[in-house]
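Everything below belongs to input17.cif, which stores mmCIF, C-alpha atoms.
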data_structure
#
loop_
_atom_site.label_atom_id
_atom_site.label_comp_id
_atom_site.auth_asym_id
_atom_site.auth_seq_id
_atom_site.Cartn_x
_atom_site.Cartn_y
_atom_site.Cartn_z
CA MET A 1 -3.33 16.46 21.45
CA LYS A 2 -0.15 17.49 19.61
CA SER A 3 -1.66 20.33 17.60
CA GLN A 4 -4.82 22.36 17.86
CA ILE A 5 -4.25 24.46 14.77
CA GLN A 6 -5.77 23.94 11.38
CA LYS A 7 -2.64 23.89 9.35
CA SER A 8 -2.49 24.23 5.62
CA PRO A 9 -0.03 21.69 4.19
CA SER A 10 1.90 24.56 2.63
CA GLU A 11 2.02 26.64 5.79
CA LYS A 12 5.49 28.02 6.43
CA VAL A 13 6.89 30.43 8.96
CA ILE A 14 9.85 32.74 9.20
CA VAL A 15 10.62 33.56 12.83
CA PHE A 16 12.30 36.96 13.02
CA ASP A 17 14.93 37.91 15.55
CA SER A 18 15.27 41.62 16.40
CA SER A 19 18.49 42.01 14.44
CA SER A 20 16.96 41.18 11.03
CA LEU A 21 13.97 43.49 11.49
CA ILE A 22 16.16 46.31 12.78
CA ASN A 23 18.22 45.93 9.62
CA PHE A 24 15.22 46.32 7.31
CA ALA A 25 14.00 49.32 9.32
CA MET A 26 17.39 51.06 9.46
CA ASN A 27 17.83 50.62 5.72
CA GLY A 28 14.41 52.06 4.96
CA MET A 29 13.42 48.75 3.33
CA ILE A 30 10.09 48.26 5.08
CA GLN A 31 8.12 48.35 1.82
CA GLU A 32 10.37 45.65 0.35
CA PHE A 33 9.74 43.63 3.51
CA VAL A 34 5.99 43.98 2.94
CA GLU A 35 6.45 42.85 -0.68
CA LEU A 36 8.39 39.80 0.51
CA LYS A 37 5.51 38.92 2.82
CA LYS A 38 3.07 39.17 -0.11
CA ILE A 39 4.92 36.48 -2.04
CA PHE A 40 5.43 34.29 1.01
CA ASN A 41 2.96 31.49 1.50
CA GLY A 42 2.97 31.61 5.28
CA LYS A 43 3.51 33.81 8.29
CA PHE A 44 6.22 36.15 9.51
CA LEU A 45 6.32 35.75 13.30
CA ILE A 46 7.88 37.70 16.13
CA THR A 47 7.81 36.86 19.83
CA LYS A 48 6.82 39.30 22.55
CA GLU A 49 10.47 39.40 23.65
CA VAL A 50 11.49 40.54 20.16
CA LYS A 51 8.60 43.02 20.06
CA GLU A 52 9.95 44.55 23.26
CA GLU A 53 13.35 45.11 21.58
CA ILE A 54 12.16 46.43 18.22
CA ILE A 55 8.99 48.32 19.13
CA ASP A 56 8.22 48.88 22.81
CA ARG A 57 11.65 50.07 23.96
CA PRO A 58 12.78 52.09 20.92
CA MET A 59 9.35 53.77 20.85
CA THR A 60 10.45 55.60 24.02
CA ILE A 61 13.71 56.83 22.43
CA LYS A 62 13.30 59.79 20.08
CA ARG A 63 16.16 58.73 17.81
CA PHE A 64 14.53 55.39 17.00
CA GLU A 65 10.87 56.25 17.43
CA LEU A 66 10.25 56.40 13.68
CA GLU A 67 11.75 52.95 12.99
CA ALA A 68 9.76 51.56 15.92
CA LEU A 69 6.55 53.07 14.55
CA LYS A 70 7.18 51.56 11.12
CA LEU A 71 7.75 48.15 12.68
CA LYS A 72 4.64 48.55 14.83
CA GLN A 73 2.65 49.21 11.68
CA LEU A 74 3.85 45.88 10.28
CA LEU A 75 2.38 44.24 13.35
CA ASP A 76 -0.85 46.28 13.16
CA GLU A 77 -1.27 45.28 9.51
CA LYS A 78 -0.48 41.63 10.29
CA VAL A 79 2.58 41.57 8.06
CA LEU A 80 4.24 40.47 11.29
CA GLU A 81 2.23 38.30 13.64
CA MET A 82 2.58 36.94 17.12
CA PRO A 83 2.92 33.20 17.83
CA SER A 84 -0.64 33.19 19.22
CA SER A 85 -1.82 33.54 15.60
CA LEU A 86 -0.79 29.90 15.26
CA ASN A 87 -2.27 28.99 18.62
CA LEU A 88 1.13 28.80 20.26
CA ASP A 89 0.81 29.38 23.98
CA GLU A 90 2.61 32.61 24.97
CA ASN A 91 3.08 31.48 28.57
CA LYS A 92 4.61 28.22 27.45
CA ILE A 93 6.94 30.14 25.12
CA SER A 94 8.04 32.43 27.96
CA GLN A 95 8.70 29.50 30.24
CA MET A 96 10.63 27.54 27.61
CA THR A 97 12.53 30.70 26.62
CA LYS A 98 13.92 31.09 30.12
CA GLU A 99 14.90 27.43 30.17
CA ILE A 100 16.73 27.45 26.84
CA MET A 101 18.39 30.77 27.65
CA ASN A 102 19.65 29.36 30.94
CA THR A 103 20.98 26.31 29.13
CA ALA A 104 22.82 28.48 26.59
CA ASN A 105 24.15 30.70 29.35
CA ASN A 106 25.49 27.70 31.25
CA THR A 107 27.32 26.09 28.36
CA PHE A 108 30.59 28.03 28.19
CA PHE A 109 32.81 28.73 31.18
CA GLY A 110 35.78 31.00 31.80
CA HIS A 111 37.56 31.07 35.16
CA LYS A 112 34.88 28.57 36.26
CA ASN A 113 32.15 31.19 35.73
CA ALA A 114 29.35 30.61 33.23
CA ILE A 115 29.51 33.10 30.36
CA HIS A 116 26.10 34.54 29.52
CA ILE A 117 26.03 34.66 25.76
CA ILE A 118 22.37 35.18 24.75
CA ASP A 119 19.25 36.96 25.97
CA LEU A 120 15.49 36.46 25.92
CA GLY A 121 14.68 37.63 22.40
CA GLU A 122 17.18 35.35 20.73
CA ALA A 123 16.21 32.41 22.97
CA SER A 124 12.52 32.94 22.23
CA CYS A 125 13.14 32.51 18.49
CA LEU A 126 14.62 29.07 19.16
CA VAL A 127 11.60 28.12 21.24
CA VAL A 128 9.06 29.19 18.63
CA SER A 129 10.99 27.37 15.92
CA LYS A 130 11.04 24.24 18.06
CA LEU A 131 7.31 24.44 18.77
CA LEU A 132 6.60 24.93 15.06
CA ASP A 133 8.71 21.85 14.29
CA GLU A 134 6.60 19.89 16.75
CA LYS A 135 3.49 20.99 14.88
CA GLY A 136 5.08 19.98 11.59
CA ILE A 137 5.24 23.54 10.32
CA LYS A 138 8.23 24.26 8.10
CA ASN A 139 10.17 27.20 9.51
CA VAL A 140 13.43 29.09 9.56
CA ILE A 141 14.82 31.75 11.89
CA SER A 142 15.98 35.01 10.37
CA ALA A 143 18.80 36.37 12.54
CA ASP A 144 21.46 38.85 11.48
CA GLU A 145 23.38 38.75 14.73
CA ARG A 146 25.90 35.96 14.78
CA THR A 147 25.93 34.48 18.28
CA ILE A 148 22.68 32.52 18.21
CA ARG A 149 23.36 31.26 14.68
CA ILE A 150 26.88 30.08 15.48
CA LEU A 151 25.74 28.47 18.73
CA SER A 152 23.24 26.39 16.79
CA GLU A 153 25.14 25.63 13.61
CA LYS A 154 28.67 25.27 14.92
CA PRO A 155 28.95 25.61 18.71
CA GLU A 156 32.63 24.71 18.56
CA ASN A 157 33.09 28.07 16.78
CA THR A 158 31.42 29.84 19.72
CA LEU A 159 33.98 28.19 21.96
CA ALA A 160 36.80 29.21 19.61
CA ILE A 161 35.60 32.84 19.41
CA LEU A 162 35.32 33.15 23.18
CA GLN A 163 38.71 31.56 23.66
CA LYS A 164 40.40 33.71 21.06
CA LYS A 165 38.88 36.98 22.20
CA LEU A 166 39.03 36.49 25.94
CA HIS A 167 42.63 35.25 25.83
CA THR A 168 41.84 32.64 28.42
CA PRO A 169 41.00 28.93 28.38
CA ILE A 170 37.27 28.39 27.96
CA THR A 171 35.54 25.12 28.69
CA SER A 172 32.15 24.02 27.46
CA ASP A 173 29.45 21.62 28.52
CA ARG A 174 29.17 19.79 25.21
CA LYS A 175 26.04 17.89 26.19
CA ASN A 176 24.19 21.20 25.98
CA TYR A 177 25.04 21.54 22.29
CA GLU A 178 22.23 19.15 21.38
CA HIS A 179 19.63 21.67 22.66
CA PHE A 180 20.66 24.04 19.88
CA ARG A 181 21.01 21.61 16.98
CA GLY A 182 18.65 21.39 14.04
CA PHE A 183 17.52 25.00 13.76
CA LYS A 184 17.66 26.59 10.33
CA PHE A 185 18.88 30.14 9.92
CA ILE A 186 18.76 32.74 7.22
CA ARG A 187 19.74 36.41 7.40
CA SER A 188 18.46 39.64 5.91
CA SER A 189 21.14 39.18 3.22
CA GLU A 190 19.34 36.07 1.92
CA LEU A 191 15.99 37.89 2.13
CA MET A 192 17.44 40.78 0.14
CA TYR A 193 18.73 38.32 -2.44
CA ILE A 194 15.25 36.85 -2.79
CA ALA A 195 13.69 40.31 -3.04
CA TYR A 196 16.21 41.08 -5.79
CA LYS A 197 15.67 37.82 -7.67
CA LYS A 198 11.88 38.10 -7.47
CA GLY A 199 11.95 41.61 -8.89
CA LEU A 200 10.73 43.29 -5.71
CA ILE A 201 13.50 45.88 -5.76
CA LYS A 202 12.53 48.82 -7.92
CA LEU A 203 16.06 50.11 -8.42
CA LYS A 204 17.27 49.19 -11.87
CA ASN A 205 20.44 51.09 -12.69
CA GLY A 206 23.68 50.28 -10.95
CA ASN A 207 25.08 47.45 -8.95
CA VAL A 208 21.84 46.83 -7.05
CA LEU A 209 22.60 43.44 -5.48
CA ASP A 210 25.98 44.66 -4.26
CA ALA A 211 24.35 47.75 -2.76
CA LEU A 212 21.65 45.70 -1.03
CA LEU A 213 24.07 43.22 0.47
CA TYR A 214 26.46 45.87 1.74
CA ALA A 215 23.56 47.90 3.13
CA VAL A 216 22.50 44.98 5.33
CA LYS A 217 26.10 44.20 6.26
CA PHE A 218 26.65 47.77 7.46
CA ASN A 219 23.54 47.59 9.60
CA GLY A 220 24.63 44.54 11.52
CA CYS A 221 24.08 41.53 9.29
CA SER A 222 26.87 39.12 10.05
CA ILE A 223 28.02 38.44 6.50
CA SER A 224 31.58 38.60 5.25
CA ASP A 225 32.88 40.32 2.12
CA GLU A 226 33.71 36.86 0.79
CA GLU A 227 30.15 35.64 1.28
CA ILE A 228 28.84 38.76 -0.46
CA SER A 229 31.11 38.02 -3.44
CA GLU A 230 29.79 34.47 -3.58
CA ILE A 231 26.16 35.60 -3.50
CA LYS A 232 26.85 38.11 -6.27
CA LYS A 233 28.32 35.31 -8.40
CA LEU A 234 25.02 33.47 -8.06
CA GLY A 235 23.51 36.55 -9.72
CA MET B 1 31.87 43.08 43.05
CA GLN B 2 33.84 40.73 40.84
CA GLU B 3 37.48 41.35 39.96
CA ARG B 4 38.05 44.12 42.51
CA GLU B 5 41.82 43.86 42.05
CA ASN B 6 41.48 44.30 38.32
CA ILE B 7 39.46 47.50 38.69
CA LEU B 8 41.94 48.83 41.25
CA ARG B 9 44.84 48.27 38.87
CA ILE B 10 42.92 49.81 35.97
CA LEU B 11 42.09 52.95 37.97
CA ILE B 12 45.66 53.39 39.25
CA GLU B 13 47.01 53.09 35.71
CA THR B 14 44.23 55.34 34.41
CA LYS B 15 45.32 58.11 36.77
CA GLU B 16 48.89 57.80 35.57
CA ALA B 17 47.89 57.74 31.90
CA LEU B 18 45.69 60.76 32.42
CA LYS B 19 48.58 62.64 34.02
CA ASN B 20 50.71 61.82 30.97
CA ASN B 21 47.91 62.67 28.51
CA ASP B 22 48.33 59.15 27.17
CA SER B 23 45.09 58.45 25.30
CA PHE B 24 46.52 55.30 23.72
CA LYS B 25 47.22 53.80 27.14
CA LEU B 26 43.72 54.71 28.31
CA LYS B 27 42.17 52.89 25.34
CA GLU B 28 44.33 49.88 26.07
CA LEU B 29 43.22 49.89 29.72
CA SER B 30 39.59 50.12 28.66
CA ASN B 31 40.02 47.14 26.33
CA GLN B 32 41.60 45.13 29.14
CA THR B 33 38.52 45.81 31.23
CA ILE B 34 36.34 44.61 28.38
CA HIS B 35 37.87 41.12 28.43
CA THR B 36 36.80 40.80 32.05
CA ALA B 37 33.47 42.50 31.42
CA SER B 38 32.65 40.07 28.57
CA MET B 39 33.31 37.11 30.81
CA ASP B 40 31.89 38.24 34.14
CA GLN B 41 29.40 40.83 32.81
CA ASP B 42 29.94 42.71 36.01
CA SER B 43 28.32 46.13 35.81
CA ASP B 44 31.19 47.84 37.67
CA ASN B 45 33.73 46.58 35.15
CA ILE B 46 31.54 47.78 32.31
CA THR B 47 31.03 51.22 33.86
CA VAL B 48 34.77 51.61 34.40
CA ALA B 49 35.49 50.48 30.82
CA VAL B 50 33.11 53.14 29.47
CA LEU B 51 34.55 55.85 31.73
CA VAL B 52 38.17 55.08 30.82
CA TYR B 53 37.40 54.96 27.10
CA ALA B 54 35.51 58.25 27.32
CA LEU B 55 38.49 59.84 29.11
CA SER B 56 40.77 58.64 26.31
CA LYS B 57 38.55 60.34 23.74
CA ILE B 58 38.40 63.55 25.79
CA ILE B 59 42.15 63.95 26.22
CA GLU B 60 42.69 62.96 22.59
CA ARG B 61 41.21 66.32 21.59
CA LYS B 62 44.26 68.50 22.23
CA GLU B 63 42.38 71.75 21.60
CA TYR B 64 40.41 71.24 24.80
CA GLN B 65 43.58 71.15 26.84
CA SER B 66 44.28 74.79 25.99
CA MET B 67 40.91 75.89 27.36
CA LYS B 68 40.97 78.07 30.47
CA ASN B 69 39.06 75.57 32.63
CA TRP B 70 41.06 72.52 31.53
CA GLU B 71 43.16 72.40 34.70
CA GLU B 72 40.07 72.54 36.90
CA PHE B 73 38.58 69.78 34.72
CA TYR B 74 41.67 67.59 35.02
CA ASN B 75 41.94 68.10 38.80
CA SER B 76 38.31 67.23 39.25
CA ILE B 77 38.65 63.89 37.41
CA SER B 78 41.92 63.12 39.12
CA SER B 79 40.51 63.61 42.61
CA GLN B 80 37.42 61.51 41.75
CA ILE B 81 39.70 58.68 40.62
CA ASP B 82 41.67 58.98 43.88
CA LEU B 83 38.47 58.65 45.85
CA ALA B 84 37.45 55.63 43.76
CA ILE B 85 40.82 53.98 44.37
CA ASN B 86 40.40 54.54 48.13
CA ALA B 87 36.91 53.06 47.99
CA ILE B 88 38.20 49.89 46.32
CA ARG B 89 40.99 49.58 48.86
CA LYS B 90 38.40 49.82 51.63
CA LYS B 91 36.28 47.24 49.76
CA ASP B 92 33.47 49.79 49.71
CA ASP B 93 31.78 48.71 46.47
CA LYS B 94 28.78 50.95 46.99
CA LYS B 95 30.99 54.02 47.32
CA LEU B 96 33.00 53.03 44.25
CA ARG B 97 29.82 52.68 42.22
CA GLU B 98 28.61 56.09 43.37
CA LEU B 99 31.96 57.68 42.56
CA VAL B 100 32.23 56.24 39.06
CA GLU B 101 28.64 57.31 38.33
CA SER B 102 29.17 60.76 39.81
CA THR B 103 32.38 61.21 37.80
CA ARG B 104 30.40 60.64 34.64
CA ALA B 105 27.61 62.91 35.83
CA LYS B 106 30.09 65.66 36.73
CA LEU B 107 31.80 65.40 33.37
CA GLU B 108 28.51 65.48 31.48
CA LYS B 109 27.39 68.58 33.35
CA TYR B 110 30.63 70.37 32.75
CA SER B 111 30.14 73.94 31.61
CA GLY B 112 31.33 75.41 28.36
CA SER B 113 31.84 73.86 24.99
CA LEU B 114 33.15 70.65 26.54
CA LYS B 115 29.68 69.74 27.82
CA PHE B 116 28.06 68.53 24.61
CA TYR B 117 31.24 66.90 23.40
CA ILE B 118 31.52 64.94 26.65
CA GLN B 119 27.90 63.80 26.57
CA ASP B 120 28.42 62.59 23.02
CA VAL B 121 31.71 60.92 23.97
CA PHE B 122 30.03 58.90 26.72
CA ARG B 123 27.23 57.71 24.44
CA LYS B 124 29.76 56.71 21.80
CA ALA B 125 31.94 55.06 24.44
CA GLN B 126 28.98 52.88 25.46
CA ILE B 127 28.39 51.86 21.85
CA ASN B 128 32.09 51.25 21.24
CA LYS B 129 32.39 49.05 24.33
CA ALA B 130 29.23 47.21 23.33
CA SER B 131 30.68 46.40 19.92
CA LYS B 132 33.81 45.07 21.64
CA ILE B 133 31.74 42.79 23.87
CA TYR B 134 29.72 41.62 20.84
CA GLU B 135 33.04 40.90 19.11
CA HIS B 136 33.95 38.72 22.10
CA GLY B 137 31.09 36.35 21.26
CA ILE B 138 28.25 37.72 23.38
CA SER B 139 24.97 38.19 21.49
CA MET B 140 23.79 41.55 20.20
CA GLU B 141 20.74 41.67 22.46
CA LYS B 142 22.63 40.59 25.57
CA THR B 143 25.36 43.15 24.88
CA ALA B 144 22.94 46.00 24.22
CA LYS B 145 21.24 45.30 27.54
CA LEU B 146 24.54 45.15 29.42
CA LEU B 147 25.55 48.56 28.11
CA GLY B 148 22.12 50.16 28.33
CA ILE B 149 21.95 50.99 24.62
CA THR B 150 19.47 49.93 21.94
CA MET B 151 20.08 47.14 19.47
CA PHE B 152 19.55 49.77 16.74
CA GLU B 153 22.68 51.61 17.89
CA LEU B 154 24.74 48.49 18.27
CA ALA B 155 23.68 46.96 14.95
CA SER B 156 24.82 49.87 12.81
CA TYR B 157 28.07 50.35 14.73
CA ALA B 158 28.99 46.66 14.82
CA GLY B 159 28.10 46.34 11.13
CA GLN B 160 30.91 48.71 10.27
CA LYS B 161 33.53 46.67 12.07
CA PRO B 162 35.16 44.30 9.54
CA GLU B 163 36.81 42.39 12.38
CA ILE B 164 33.34 41.18 13.42
CA ALA B 165 31.58 40.38 10.14
CA ASN B 166 34.65 39.10 8.32
CA ALA B 167 35.85 36.77 11.07
CA PRO B 168 36.26 33.31 9.47
CA LEU B 169 34.70 31.65 12.55
CA ASN B 170 31.40 33.40 11.71
CA GLN B 171 30.86 31.32 8.62
CA THR B 172 29.00 28.24 9.74
CA LEU B 173 27.27 27.22 6.53
CA ASP B 174 28.25 27.67 2.90
CA VAL B 175 26.60 30.47 0.98
CA LYS B 176 24.78 28.24 -1.51
CA SER B 177 23.18 26.11 1.22
CA ARG B 178 21.86 29.12 3.08
CA ILE B 179 20.50 30.70 -0.09
CA LYS B 180 18.86 27.37 -0.92
CA THR B 181 17.22 27.25 2.52
CA ALA B 182 15.83 30.73 1.98
CA MET B 183 14.68 30.06 -1.60
CA GLU B 184 12.86 26.90 -0.56
CA MET B 185 10.82 28.88 1.94
CA PHE B 186 9.63 31.17 -0.87
CA LYS B 187 8.71 28.40 -3.32
#
Please lay out the structure from this file as structure tokens.
Amino acid sequence: MKSQIQKSPSEKVIVFDSSSLINFAMNGMIQEFVELKKIFNGKFLITKEVKEEIIDRPMTIKRFELEALKLKQLLDEKVLEMPSSLNLDENKISQMTKEIMNTANNTFFGHKNAIHIIDLGEASCLVVSKLLDEKGIKNVISADERTIRILSEKPENTLAILQKKLHTPITSDRKNYEHFRGFKFIRSSELMYIAYKKGLIKLKNGNVLDALLYAVKFNGCSISDEEISEIKKLG
Amino acid sequence: MQERENILRILIETKEALKNNDSFKLKELSNQTIHTASMDQDSDNITVAVLVYALSKIIERKEYQSMKNWEEFYNSISSQIDLAINAIRKKDDKKLRELVESTRAKLEKYSGSLKFYIQDVFRKAQINKASKIYEHGISMEKTAKLLGITMFELASYAGQKPEIANAPLNQTLDVKSRIKTAMEMFK
């Protein structure tokens, strides 16, 4: 049986990577995140690998304990949910995560050694997105960090970045590229834009959109100044 | 250990740069180590990169060099580096690892006003090296784990580096298409 869930035709999912959630937390925009969830007809999911990075580990570090607690509350209040809420098998996700991570980490080579480019949290987002696709559930991945997004959307750019920065010839196993094709990505910058457009941001005076976009950029969202200018032109 | 010869060269040049109070050279040496560290992700390379960068930041602060215990401080680091060089030459990786770790521990326990500055320098050196590795194309999570820092620390530091976010190779989809993807999810 392909799917055991009772899916509403309008069910949608945003799968969050650690980097996007860290950005909201570091910017003190948790309430805006909650408001976004209220207007979203679907679920916000995180994997246990992402939970480890944004809640379990930082909870043990005094400097980030508060952000971790705020993110934990999102999970407690079901603003964020685990894949099991859609009957996705956690063990299967873990198994597939290791497989896709190994594929990614055996795609680019320098001095004949495989270059390990991603880790479990990022890989797990790909897996959940893929499993949701199989169930016919519309989904996107929200990731602020650039590596996983570039690997999926334009792997030749990953090759170019590695080559340029490592100052050495890099080879790639191009057949692996197909494992990363077809995923859709957004970033916290697009989520902030939506929050702004939908009137969820209470600030009224000043250049609010500019402030929001630069706030996420400065907390790790991989967005260029040029892209910010373009978003602002959209208004 | 991978790239033993590279670490040996870096440590020999580090000792010389330290003798000449050449913080610029030390930073350059640390960056050279990062190229190798990004590719091989060898923990010894990463530890050496952090140590060398931290040393560059320490000697950059000229006021510390006039302190009464500066000479003792310098001699202590210099002899630790000598021991590390000998360990590499003897292919004693375990000893090298212990020496690099103990150099950091010694520096962090140093008495006087240097102590807190040095502890801070090492933490910042880890974050700085992490942002360099992230810039090399390794993911944020992978990099944070390699350096033993949190993604929270790396995200805010890397976000302030225009060379990362503004790199043309980052843009993989036009702005309108990505906004459209996001808007459609909220319809």
For this session: Could you list the residues in chain A lying within 7 Å of chain B, using all atoms listed in the file, and format the result as number ranges by chain?
Result: A: 22, 40, 110, 115, 117-119, 145-148, 150, 153-154, 157-158, 161-162, 165-166, 186, 190, 194, 217-225, 227, 230-231
For this session: Apply the PyMOL selection byres ((chain B and resi 58) around 10) to the displayed file and report the matching residues as a ChimeraX atom specification.
Result: /B:21,23,52-57,59-62,64-65,114,117-118,121-122
For this session: Convert the output of the PyMOL selection byres ((chain A and resi 16) around 6) on the shown file into explicit residues, formatted as a VMD selection string.
Result: chain A and resid 15 17 46 141 to 142
For this session: Using the chain letters and numbers from the file, give me the residues hit by the PyMOL selection byres ((chain A and resi 128) around 9), as a ChimeraX atom specification.
Result: /A:15,45-47,83,88,93,97,123-127,129-133
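Among the candidates A:Met96, A:Gly182, A:Gly121, A:Met192, the residue lying nearest to Lys48 (chain A) is A:Gly121 (atoms considered: only C-alpha atoms).
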Distance query Val208 (chain A) at most 12 Å, all atoms listed in the file, self and fewer than 6 positions along chain excluded, as a CSV table (one decimal) with C-alpha atoms, in the coordinates of the input:
chain,number,residue,atom,x,y,z
A,192,MET,CA,17.4,40.8,0.1
A,193,TYR,CA,18.7,38.3,-2.4
A,195,ALA,CA,13.7,40.3,-3.0
A,196,TYR,CA,16.2,41.1,-5.8
A,197,LYS,CA,15.7,37.8,-7.7
A,199,GLY,CA,12.0,41.6,-8.9
A,200,LEU,CA,10.7,43.3,-5.7
A,201,ILE,CA,13.5,45.9,-5.8
A,202,LYS,CA,12.5,48.8,-7.9
A,214,TYR,CA,26.5,45.9,1.7
A,215,ALA,CA,23.6,47.9,3.1
A,232,LYS,CA,26.8,38.1,-6.3
A,235,GLY,CA,23.5,36.6,-9.7
Exercise. From the set B:Asp82, B:Asn6, B:Glu98, B:Lys106, which residue has the shortest atom-to-atom contact distance to Asp42 (chain B), counting only C-alpha atoms?
Worked result: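 Of B:Asp82, B:Asn6, B:Glu98, B:Lys106, the one nearest Asp42 (chain B) is B:Asn6, counting only C-alpha atoms.
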Problem set entry | Pairwise distance for CA of Val50 (chain B) and CA of Asn128 (chain B), rounded to one decimal in Å |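 So the two atoms, CA of Val50 (chain B) and CA of Asn128 (chain B), lie 8.5 Å apart.
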For this session: Name the residues in contact with Lys25 (chain B) at a cut-off of 9 Å, using only C-alpha atoms, excluding same-chain residues fewer than 5 positions from it; report them as an MDAnalysis selection string.
Result: chainID B and resid 13:14 17:18 30 56
For this session: Excluding Lys38 (chain A) and residues on its chain fewer than 4 positions from it, collect all residues at most 9 Å away from it, counting all atoms listed in the file, and give them as a PyMOL selection string.
Result: chain A and resi 33-34+79
